[in-house]
Amino acid sequence: MSHHTYGANNIAFSSFDTWANDVASDTNAGIDNALNDFYPAQSAPFSVSILRNTDIFYGGVTAGTGGTVSLSSPYTVGATSSFTIKNMDLGVNNPVIVANATYPYDFDSWRTASGGGGSQISTSASLTITTSTTQVTTFYAHFTTTHSSP
């Protein structure tokens, strides 16, 4: 699952370690840590009300052999081998991840596991993540080649 849903009430701070990039356990589950890596950036004093009625996205992106990955929206991450997407409300922002093949490789698909394993999520190099997208905490870009020795 790559999003956590909150209703209008009863937002438990103990749930922050489920989705917040900067919360590792209930020992540092303060609102300031939870919203530290949120998009758009939040300013102190932090309020739990920002989480009311939201689907909070959390997850990362990893490129397999033969390419790079990037983020084109709602903010930019340049081509790299992997990155963590800032936490955000999927009702307001939808991350757009992009796979970029390096010759002699071609983009094959977004997968739920590395090395072409798991299930296929999409065959489009550009993937917009919404609440209806297959939910995984890491989106893997899989690349293939027909060359015998790239």
# chains A, B, ... in the order shown; residues from 1 in each chain; ligands from 1

$ select_by_dssp --residues "chain A" --states "strand (DSSP E)" --output "PyMOL selection string"
chain A and resi 3-5+38-39+55-63+67-73+77-80+82-89+96-101+106-111+120-122+126-128+138-144

$ residues_around --residues "Ala41 in chain A" --least-positions-apart "6" --cutoff "10 Å" --atoms "only C-alpha atoms" --output "ChimeraX atom specification"
/A:35,86-88

$ closest_residue --among "A:Ser49, A:Ala79, A:Ala24, A:Tyr140" --to "Ala12 in chain A" --atoms "only C-alpha atoms"
A:Ser49

$ select_by_dssp --residues "chain A" --states "helix (DSSP H, G or I)" --output "VMD selection string"
chain A and resid 13 to 19 26 to 28 31 to 34 48 to 51 114 to 116

$ residues_around --residues "Pro45 in chain A" --least-positions-apart "2" --cutoff "10 Å" --atoms "only C-alpha atoms" --output "PyMOL selection string"
chain A and resi 31-32+42-43+47

$ closest_residue --among "A:Asn10, A:Thr54, A:Ser25, A:Thr84" --to "Thr131 in chain A" --atoms "only C-alpha atoms"
A:Thr54

$ closest_residue --among "A:Asn100, A:Arg52, A:Ala44, A:Gly30" --to "Ala8 in chain A" --atoms "only C-alpha atoms"
A:Arg52

$ residues_around --residues "range 66-72 of chain A" --least-positions-apart "6" --cutoff "8 Å" --atoms "only C-alpha atoms" --output "list in words"
Gly78, Ala79, Thr80, Ser81, Ser82, Pro95, Val96, Ile97, Val98, Ala99, Asn100, Ala101, Thr102, Tyr103, Pro104, Tyr105, Asp106, Phe107, Ala141, Phe143 and Thr144 of chain A

$ atom_distance --atom1 "CA of Asp55 in chain A" --atom2 "CA of Thr27 in chain A"
23.4 Å

$ residues_around --residues "Ser124 in chain A" --least-positions-apart "2" --cutoff "10 Å" --atoms "only C-alpha atoms" --output "list of chain:residue names"
A:Val98, A:Ala99, A:Phe107, A:Asp108, A:Ser109, A:Trp110, A:Ile121, A:Ser122, A:Ser126, A:Leu127, A:Thr128

$ closest_residue --among "A:Thr146, A:Asn93, A:Thr134, A:Ser14" --to "Thr112 in chain A" --atoms "only C-alpha atoms"
A:Thr134

$ residues_around --residues "Leu51 in chain A" --least-positions-apart "4" --cutoff "8 Å" --atoms "only C-alpha atoms" --output "ChimeraX atom specification"
/A:6,11,56

$ closest_residue --among "A:Phe139, A:Asp22, A:Ser2, A:Tyr75" --to "Ser114 in chain A" --atoms "only C-alpha atoms"
A:Phe139

$ residues_around --residues "Asn33 in chain A" --least-positions-apart "5" --cutoff "10 Å" --atoms "only C-alpha atoms" --output "JSON, numbers by chain"
{"A": [16, 17, 20, 21, 22, 23, 24, 28, 38, 46]}

$ write_last_selection --atoms "N, CA and C atoms" --output "JSON list (two decimals), in the first residue's frame"
[["chain", "number", "residue", "atom", "x", "y", "z"],
["A", 16, "PHE", "N", 1.58, 7.68, 12.08],
["A", 16, "PHE", "CA", 2.52, 8.45, 11.26],
["A", 16, "PHE", "C", 3.68, 7.60, 10.76],
["A", 17, "ASP", "N", 4.11, 6.61, 11.57],
["A", 17, "ASP", "CA", 5.24, 5.78, 11.11],
["A", 17, "ASP", "C", 4.86, 4.89, 9.93],
["A", 20, "ALA", "N", 4.89, 8.52, 7.03],
["A", 20, "ALA", "CA", 5.77, 9.71, 7.05],
["A", 20, "ALA", "C", 7.23, 9.33, 6.81],
["A", 21, "ASN", "N", 7.86, 9.98, 5.83],
["A", 21, "ASN", "CA", 9.26, 9.70, 5.52],
["A", 21, "ASN", "C", 10.19, 9.95, 6.69],
["A", 22, "ASP", "N", 9.86, 10.91, 7.57],
["A", 22, "ASP", "CA", 10.74, 11.28, 8.67],
["A", 22, "ASP", "C", 10.30, 10.74, 10.02],
["A", 23, "VAL", "N", 9.42, 9.75, 10.04],
["A", 23, "VAL", "CA", 8.99, 9.11, 11.29],
["A", 23, "VAL", "C", 9.33, 7.64, 11.20],
["A", 24, "ALA", "N", 10.21, 7.19, 12.11],
["A", 24, "ALA", "CA", 10.67, 5.80, 12.08],
["A", 24, "ALA", "C", 9.90, 4.90, 13.04],
["A", 28, "ASN", "N", 9.24, 8.95, 17.71],
["A", 28, "ASN", "CA", 9.40, 10.28, 17.11],
["A", 28, "ASN", "C", 8.20, 10.65, 16.24],
["A", 38, "PHE", "N", 6.72, 16.91, 3.71],
["A", 38, "PHE", "CA", 5.40, 16.93, 3.09],
["A", 38, "PHE", "C", 5.41, 17.89, 1.90],
["A", 46, "PHE", "N", 2.70, 23.50, 13.11],
["A", 46, "PHE", "CA", 2.05, 22.46, 12.33],
["A", 46, "PHE", "C", 0.69, 22.12, 12.93]]
